[in-house]
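What follows is a short report on a single structure.
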Amino acid sequence: MKNRLSILVAIFCCLTTHAQEDLSLDYYLPQNVTYNPNIPTPKEVIGHEVGEWHVTHDKLSFYMQTLAKSTNRFTLEDRGTTFEGRPLLLLTVTAPENHSNLENIRKEHLALTNGQTGASTIENMPIVVYQGFSIHGNEPSGSNAALAYAYYLAAAQGLEIDAILKNTIILLDPSFNPDGLQRFAYWANIHKSQNLNPDGNEREYHEVWPGGRTNHYWFDMNRDWLPVQLPESRARIASFHKWMPNILTDHHEMGTNSTFFFQPGEPTRVHPLTPKINQELTKEIGTYHAKALDKIGSLYYSEENYDDYYYGKGSTFPDVNGSIGILFEQGSSRGHIQESENGVLTFPFTIRNQFTTALSTVAAANGMRTKILNYQQKYYQDLAQEATKEKSNAYIFGDEKDAAKAWHLAEILERQQIKFHELKEDAKINGKSYKKGSAYVVPLNQKNPRLIHAMFEKRTTFTDSLFYDVSAWTFPLAFNLDYEKVTSLNNAGNAVTALEPIAGKVSGQSNYAYLFSWNNYYAPKALNQITQQGLRAKVAKSPFTVEGNNYDYGTIMIPVQGQVMDSKELFAFLQTVAKESMLDITAVGTGSTVGIDLGSNDFDPIKKQKVALLVGNGVRSYDAGEIWHLFDTRYQMKITKIDTDYFNRVDLSSYTDLIIPSGYGSNILDKNGAEKIKEWVKDGGTVIGYRNVAQWFNKNGFLDLEMLKDTTLKAKNIPFDKRSDFYGAQVTGGAIFEANLDLTHPIGYGYKNDKISLFRNTNIYLKPEKNSFDNPIQYTTNPLQSGYISEENEALIKGSVPFKVKGLGSGKVILFTDNTNFRAFWYGTNKLMMNAIFFGPSM
């Protein structure tokens with residue numbers, strides 16, 4: 001029987017290989033449709049048929065540019081570039097007569113969101129559909145389908161396409177993730193054999209680290225729709241707000257043994273701010289997908305597995321903006337052809353499903369056009385009523401000692417087109433101080449108060465205990481800012497119409513010393529610039545007052561004498577540093593203070609840092625990418641990425657710090673690697689581990705950790721088919737917790753409050769040390785601030801510690817159980833890592 005099956009598979013593979021050799025656009029395109037012969041096909045432009053090879057982004061871009069020159073149905077917009085310099089293209093597709101009146105159509109459409117359009121206008125108004133492909137680069141069937149889909153929109157002829165183009169503005173984003181798509185296409189194409197091999201063990205289907213899913217800095221960009229920290233996200237969010245589309249589709253892939261999924265997802269996993277009718281319309285749109293997939297014989301499913309909760313995903317972000325987001329998930333061939341539970345899965349087959357549902361989307365948009373347009377109008381009419389009820393309500397946020405963090409949150413609000421005001425004057429609210437220039441006021445009486453609530457609210461009760469992504473993302477907590485919901489706009493100053501950068505400065509030239517506070521977000525950037533120039537700097541381990549100004553723990557002092565620059569050169573250099581780091585540097589003329597004098601031994605010298613980051617097999621690429629991005633783009637600090645494959649051959653002696661991100665399992669490095677790091681630490685190095693590196697540290701004798709676990713968990717009255725839900729409820733997928741912070745400990749330098757909000761997505765709970773001063777960060781007795789945690793894990797986290805530091809020889813071992821750099825928008829805890837880097841020897 002086994003031999004017979006092998007023969008059948010071999011025959012099928014031969015037939016499939018032959019079929020791919022005969023592959024043509026007819027495999028994808030609707031039949032009984034004529035096509036304009038003057039429109040070039042993909043093969044005529046890029047040199048191969050759709051699905052024959054994985055399209056590289058340069059070819060994809062070239063084809064879209066060629067089409068835009070070949071038809072008056074298209075206009076092409078270049079919205080900027082990725083980190084690697086690839087264009088972020090957007091095609092606007094509609095009837096030629098609409099193109100000639102496009103700006104008026106856009107303004108009339110936006111009027112729907114301002115309650116200015118009547119039913120008679122809606123009857124004749126085009127619907128706007130944003131169709132985006134392959135935000136995960138190694139889920140390439142979407143972007144490859146965009147080739148065939150763009151050709152169809154440009155070349156198809158007849159009454160059906162004419163009606164679609166007349167009644168629809170299609171915003172076609174052929175690649176949400178150009179850098180990731182390019183990386184994966186290279187991988188798949190260099191491993192393609194002439195005789196396609198579906199064996200799942202074939203190297204083609206096993207990418208090397210970090211894989212093609214992510215962008216240049218290894219971010220999952222489908223989590224960045226709300227924080228908008230990446231250039232690709234900023235381009236598409238600007239396009240979204242420019243048009244406020246009625247439908248946005250997001251084409252993905254999933255496991256090879258899966259079929260095809262379209263939303264709606266799990267009914268109980270929808271964010272409460274999303275209206276019920278949104279899901280009803282999503283379900284009705286789904287009938288069009290079902291009909292189209294039935295026609296070509298493709299298996300599919302809906303209302304399972306996936307949710308509509310986190311508004312930072314492409315299929316959910318539209319839902320809080322009066323649009324309808326739709327997720328498509330296609331079982332992935334992960335290359336050109338692969339065996340699966342549903343038969344041999346070919347790359348062209350995956351492309352055809354994506355192409356088919358792209359067409360069914362515009363069919364649904366046209367069939368439900370007035371219904372969906374009316375929904376968008378009604379959504380904003382309801383919001384207007386909600387905003388009126390919130391007439392005098394607002395959120396105020398800021399940090400009196402750090403204007404930069406508050407500025408960056410305001411920057412996100414600006415990108416999301418949320419209105420906000422300057423703080424009129426210094427204020428104290430509920431015991432918290434807000435300083436003009438370092439705080440903002442966000443009135444709720446504006447266009448979309450739900451979006452504001454989604455960003456600012458704390459939520460700890462849920463109808464479901466399972467989450468596809470995080471359960472909390474409260475932005476002021478992520479930025480570690482003070483914030484309040486207030487019932488008066490008395491503190492609101494001028495509306496901010498254009499957010500101006502913060503201007504740093506040096507108070508004057510000194511012949512004695514310069515001081516700057518460590519509270520500013522960009523203080524580490526400034527200190528790095530100073531030490532990299534060979535200048536001497538010291539950190540204050542106690543507070544002091546000099547020339548009428550108070551300085552806290554962590555203040556940085558740069559003496560003037562004995563430097564590699566003379567006093568004039570030093571002053572000029574520090575002016576540049578202050579400007580680039582958006583902070584104030586104060587010149588002082590005396591070392592005599594109230595408190596520690598500037599010559600005190602309570603000032604520790606700061607070394608010039610040389611930091612290494614462990615990457616490669618065994619390391620979680622997301623975590624490593626977040627650290628790389630933080631160093632490279634925020635602090636402009638060089639960081640050396642050392643791969644696990646050659647780590648044992650590297651001489652560590654020149655490095656001051658080694659960061660080990662979270663990994664997979666407890667064997668991130670072998671025993672030789674562990675011993676190598678130990679000896680380096682004993683010689684004075686600082687090793688910093690994250691999350692499940694705790695187990696690796698424990699196993700290899702770096703730290704002696706006592707981990708807290710629940711030994712009483714048992715399933716009672718849980719049927720077999722619910723067992724995964726039972727265990728899933730114990731997952732802490734992403735929630736926010738409050739911890740006490742010792743501001744006198746070097747890990748707490750630069751923080752204003754003795755409480756800090758930490759993002760946690762692990763169940764690693766550590767027992768505190770016996771001495772209180774050895775627990776500078778410790779969860780409170782009621783730590784949950786926002787998000788979901790099971791009762792069992794909530795009992796464990798109370799009073800546990802997320803941070804450990806221990807001396808080993810002349811060096812330090814530092815552990816964080818939480819991610820201090822989560823998704824590039826957790827600004828509030830970035831400084832914890834910088835404190836470990838710069839002040840580790842003082843701990």
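Ordering of the structure tokens sets the chain letters (A, B, ...); residue numbers start at 1 within each chain; ligands are numbered from 1 in the order shown.
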Report as a short mmCIF file (atom, residue, chain, number, x, y, z; two decimals) with N, CA and C atoms, in the first residue's frame all protein, DNA and RNA residues lying within 10 Å of A:Gln563, evaluated on only C-alpha atoms, omitting residues in the same chain fewer than 4 positions from it.
```cif
data_model
loop_
_atom_site.label_atom_id
_atom_site.label_comp_id
_atom_site.auth_asym_id
_atom_site.auth_seq_id
_atom_site.Cartn_x
_atom_site.Cartn_y
_atom_site.Cartn_z
N GLY A 534 35.64 59.87 22.97
CA GLY A 534 36.77 59.76 23.90
C GLY A 534 36.70 60.74 25.04
N LEU A 535 35.54 61.37 25.22
CA LEU A 535 35.36 62.33 26.30
C LEU A 535 35.01 61.61 27.59
N ARG A 536 35.43 62.17 28.71
CA ARG A 536 35.13 61.59 30.01
C ARG A 536 33.76 62.08 30.49
N ALA A 537 32.98 61.15 31.02
CA ALA A 537 31.68 61.48 31.60
C ALA A 537 31.48 60.64 32.84
N ILE A 558 29.93 66.12 32.59
CA ILE A 558 31.08 66.13 31.69
C ILE A 558 32.03 67.23 32.16
N PRO A 559 33.13 66.87 32.81
CA PRO A 559 34.09 67.92 33.24
C PRO A 559 34.76 68.54 32.03
N SER A 567 38.07 73.78 25.78
CA SER A 567 36.76 74.21 26.25
C SER A 567 35.88 74.73 25.13
N LEU A 570 34.72 71.69 23.02
CA LEU A 570 33.77 70.91 23.79
C LEU A 570 32.39 71.58 23.78
#
```
*Step one, run DSSP on the backbone; step two, keep only residues of stretch 36-150 of chain A assigned to strand (DSSP E); then write them as a PyMOL selection string.*
chain A and resi 74-81+87-93+127-133
*With a distance cut-off of 12 Å and only C-alpha atoms, select the neighbouring residues of stretch 374-381 of chain A, excluding the residue or stretch itself and same-chain residues fewer than 6 positions from it, and output the selection as a PyMOL selection string.*
chain A and resi 108-123+125+127-128+244-247+273-282+318-324+368+387-388+446-451
Distance table requested - stretch 464-583 of chain A against stretch 424-428 of chain A, cut-off 9 Å, only C-alpha atoms: one row per qualifying residue with the closest atom pair and its distance in Å to one decimal, ordered by chain and rising residue number, as JSON lines.
```
{"residue": "A:Asn490", "atom": "CA", "partner": "A:Lys424", "partner_atom": "CA", "distance": 8.1}
{"residue": "A:Asn491", "atom": "CA", "partner": "A:Lys424", "partner_atom": "CA", "distance": 5.4}
{"residue": "A:Ala492", "atom": "CA", "partner": "A:Lys424", "partner_atom": "CA", "distance": 5.4}
{"residue": "A:Gly493", "atom": "CA", "partner": "A:Lys424", "partner_atom": "CA", "distance": 3.9}
{"residue": "A:Asn494", "atom": "CA", "partner": "A:Lys424", "partner_atom": "CA", "distance": 7.2}
```
Next, dump the selected residues to file, keeping only C-alpha atoms, as an mmCIF file, in the first residue's frame.
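Dumped to result.cif:
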```cif
data_model
loop_
_atom_site.group_PDB
_atom_site.id
_atom_site.type_symbol
_atom_site.label_atom_id
_atom_site.label_comp_id
_atom_site.auth_asym_id
_atom_site.auth_seq_id
_atom_site.Cartn_x
_atom_site.Cartn_y
_atom_site.Cartn_z
ATOM 1 C CA ASN A 490 -9.595 74.232 31.141
ATOM 2 C CA ASN A 491 -6.055 72.893 30.765
ATOM 3 C CA ALA A 492 -6.194 72.835 26.959
ATOM 4 C CA GLY A 493 -4.026 75.450 25.284
ATOM 5 C CA ASN A 494 -3.610 76.032 21.568
#
```
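Ranking A:Asn763, A:Ser360, A:Thr686, A:Ser100 by their shortest atom-to-atom distance to A:Thr249, with only C-alpha atoms included, puts A:Ser360 first.
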*Determine, counting only C-alpha atoms, which protein, DNA and RNA residues have an atom within 8 Å of an atom of stretch 216-232 of chain A; residues of the same chain fewer than 3 positions away are not included. Present the result as a ChimeraX atom specification.*
/A:80-84,88,135-136,176-177,179-180,210,213,235-237,311-314,317,412,415-416,621-622,624-626,628-629,823-825
Give me a file of those residues, with N, CA, C and O atoms, as a tab-separated table (two decimals), in the first residue's frame.
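Result written to selection.tsv:
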```
chain	number	residue	atom	x	y	z
A	80	GLY	N	7.21	56.86	-0.71
A	80	GLY	CA	8.42	56.82	0.10
A	80	GLY	C	9.14	55.50	-0.09
A	80	GLY	O	8.89	54.77	-1.06
A	81	THR	N	10.02	55.19	0.84
A	81	THR	CA	10.82	53.97	0.70
A	81	THR	C	10.88	53.21	2.02
A	81	THR	O	10.62	53.75	3.09
A	82	THR	N	11.23	51.94	1.91
A	82	THR	CA	11.47	51.09	3.06
A	82	THR	C	12.85	51.40	3.64
A	82	THR	O	13.60	52.22	3.09
A	83	PHE	N	13.21	50.71	4.71
A	83	PHE	CA	14.55	50.87	5.27
A	83	PHE	C	15.63	50.52	4.24
A	83	PHE	O	16.73	51.06	4.28
A	84	GLU	N	15.31	49.59	3.34
A	84	GLU	CA	16.29	49.17	2.33
A	84	GLU	C	16.15	49.93	1.02
A	84	GLU	O	16.78	49.57	0.03
A	88	LEU	N	7.48	52.33	-1.92
A	88	LEU	CA	6.20	51.94	-1.34
A	88	LEU	C	5.11	52.44	-2.29
A	88	LEU	O	4.61	53.57	-2.16
A	135	ILE	N	1.84	41.33	3.77
A	135	ILE	CA	2.54	42.11	4.79
A	135	ILE	C	3.62	41.25	5.45
A	135	ILE	O	4.55	41.77	6.04
A	136	HIS	N	3.47	39.94	5.35
A	136	HIS	CA	4.54	39.02	5.75
A	136	HIS	C	5.22	38.52	4.48
A	136	HIS	O	4.59	37.89	3.63
A	176	PHE	N	2.80	45.08	0.91
A	176	PHE	CA	2.90	45.79	2.18
A	176	PHE	C	4.32	45.75	2.74
A	176	PHE	O	4.71	46.59	3.53
A	177	ASN	N	5.11	44.74	2.32
A	177	ASN	CA	6.42	44.49	2.93
A	177	ASN	C	7.47	44.19	1.85
A	177	ASN	O	7.86	43.04	1.65
A	179	ASP	N	10.72	44.67	1.60
A	179	ASP	CA	12.01	44.08	2.00
A	179	ASP	C	11.86	42.60	2.32
A	179	ASP	O	12.70	41.77	1.95
A	180	GLY	N	10.78	42.24	3.02
A	180	GLY	CA	10.56	40.84	3.36
A	180	GLY	C	10.24	40.01	2.13
A	180	GLY	O	10.69	38.85	2.00
A	210	PRO	N	16.73	35.08	9.63
A	210	PRO	CA	15.47	35.23	10.36
A	210	PRO	C	14.23	34.92	9.53
A	210	PRO	O	13.12	35.17	9.98
A	213	ARG	N	9.58	36.63	6.78
A	213	ARG	CA	8.30	37.16	7.27
A	213	ARG	C	8.35	38.66	7.55
A	213	ARG	O	7.40	39.38	7.29
A	235	ALA	N	3.35	54.98	5.59
A	235	ALA	CA	2.84	55.23	4.25
A	235	ALA	C	1.40	54.74	4.11
A	235	ALA	O	0.54	55.45	3.60
A	236	ARG	N	1.13	53.52	4.59
A	236	ARG	CA	-0.22	52.99	4.38
A	236	ARG	C	-1.24	53.66	5.30
A	236	ARG	O	-2.41	53.81	4.92
A	237	ILE	N	-0.83	54.08	6.51
A	237	ILE	CA	-1.77	54.77	7.40
A	237	ILE	C	-2.12	56.14	6.82
A	237	ILE	O	-3.27	56.59	6.90
A	311	TYR	N	-6.43	46.21	17.66
A	311	TYR	CA	-6.61	47.18	16.59
A	311	TYR	C	-5.31	47.53	15.87
A	311	TYR	O	-5.32	48.35	14.96
A	312	GLY	N	-4.22	46.91	16.23
A	312	GLY	CA	-2.96	47.16	15.54
A	312	GLY	C	-2.73	46.24	14.37
A	312	GLY	O	-1.70	46.30	13.72
A	313	LYS	N	-3.71	45.36	14.04
A	313	LYS	CA	-3.60	44.46	12.89
A	313	LYS	C	-4.36	45.03	11.70
A	313	LYS	O	-5.36	45.75	11.86
A	314	GLY	N	-3.94	44.66	10.51
A	314	GLY	CA	-4.53	45.22	9.30
A	314	GLY	C	-5.99	44.89	9.11
A	314	GLY	O	-6.74	45.68	8.53
A	317	PHE	N	-7.73	47.07	12.47
A	317	PHE	CA	-7.60	48.53	12.51
A	317	PHE	C	-8.75	49.23	11.79
A	317	PHE	O	-9.29	50.22	12.31
A	412	ILE	N	2.27	59.92	17.30
A	412	ILE	CA	1.36	58.84	16.89
A	412	ILE	C	-0.05	59.39	16.71
A	412	ILE	O	-0.75	59.05	15.73
A	415	ARG	N	-0.31	61.15	13.43
A	415	ARG	CA	-0.38	60.23	12.29
A	415	ARG	C	-1.76	59.59	12.17
A	415	ARG	O	-2.21	59.25	11.07
A	416	GLN	N	-2.43	59.41	13.30
A	416	GLN	CA	-3.78	58.83	13.28
A	416	GLN	C	-4.86	59.91	13.15
A	416	GLN	O	-6.04	59.63	13.27
A	621	SER	N	13.77	36.19	16.47
A	621	SER	CA	14.17	37.31	15.60
A	621	SER	C	13.42	38.59	15.93
A	621	SER	O	13.98	39.69	15.81
A	622	TYR	N	12.14	38.50	16.31
A	622	TYR	CA	11.40	39.70	16.67
A	622	TYR	C	12.12	40.46	17.79
A	622	TYR	O	12.30	41.68	17.72
A	624	ALA	N	15.23	40.22	18.82
A	624	ALA	CA	16.54	40.72	18.38
A	624	ALA	C	16.37	41.95	17.50
A	624	ALA	O	17.12	42.93	17.62
A	625	GLY	N	15.38	41.92	16.61
A	625	GLY	CA	15.14	43.05	15.72
A	625	GLY	C	14.75	44.31	16.46
A	625	GLY	O	15.16	45.43	16.10
A	626	GLU	N	13.94	44.16	17.51
A	626	GLU	CA	13.54	45.32	18.30
A	626	GLU	C	14.75	45.99	18.96
A	626	GLU	O	14.84	47.22	19.02
A	628	TRP	N	18.00	45.72	17.89
A	628	TRP	CA	18.80	46.28	16.80
A	628	TRP	C	18.22	47.63	16.36
A	628	TRP	O	18.93	48.63	16.21
A	629	HIS	N	16.89	47.67	16.16
A	629	HIS	CA	16.20	48.89	15.73
A	629	HIS	C	16.38	50.01	16.75
A	629	HIS	O	16.64	51.17	16.39
A	823	ARG	N	7.82	45.87	20.22
A	823	ARG	CA	7.27	46.39	18.97
A	823	ARG	C	7.58	47.86	18.69
A	823	ARG	O	6.83	48.55	18.02
A	824	ALA	N	8.69	48.35	19.23
A	824	ALA	CA	9.21	49.69	18.95
A	824	ALA	C	8.36	50.81	19.51
A	824	ALA	O	8.74	51.97	19.38
A	825	PHE	N	7.20	50.52	20.14
A	825	PHE	CA	6.42	51.62	20.69
A	825	PHE	C	6.38	51.58	22.22
A	825	PHE	O	5.74	52.44	22.83
```
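Residues lying within 12 Å of A:Lys716, counting only C-alpha atoms and ignoring same-chain neighbours fewer than 5 positions away, are Lys722, Arg723 and Phe726 of chain A.
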Include C-alpha atoms and write out the residues we just selected as an mmCIF file, in the first residue's frame.
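Contents of result11.cif, freshly written:
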```cif
data_model
loop_
_atom_site.group_PDB
_atom_site.id
_atom_site.type_symbol
_atom_site.label_atom_id
_atom_site.label_comp_id
_atom_site.auth_asym_id
_atom_site.auth_seq_id
_atom_site.Cartn_x
_atom_site.Cartn_y
_atom_site.Cartn_z
ATOM 1 C CA LYS A 722 -12.003 22.099 24.700
ATOM 2 C CA ARG A 723 -8.633 21.003 26.056
ATOM 3 C CA PHE A 726 -8.177 25.155 28.742
#
```
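For stretch 579-688 of chain A, the set of residues given alpha helix (DSSP H) by DSSP on the backbone reads Lys579, Glu580, Ser581, Ser621, Tyr622, Asp623, Ala624, Gly625, Glu626, Ile627, Trp628, His629, Lys671, Asn672, Gly673, Ala674, Glu675, Lys676, Ile677, Lys678, Glu679, Trp680, Val681 and Lys682 of chain A.
Note that the spacing between atom CA of A:Ala472 and atom CA of A:Gly734 amounts to 6.4 Å.
Counting only C-alpha atoms and comparing A:Tyr28, A:Tyr483, A:Trp243, A:Tyr186, the residue that lies closest to A:Glu103 is A:Trp243.
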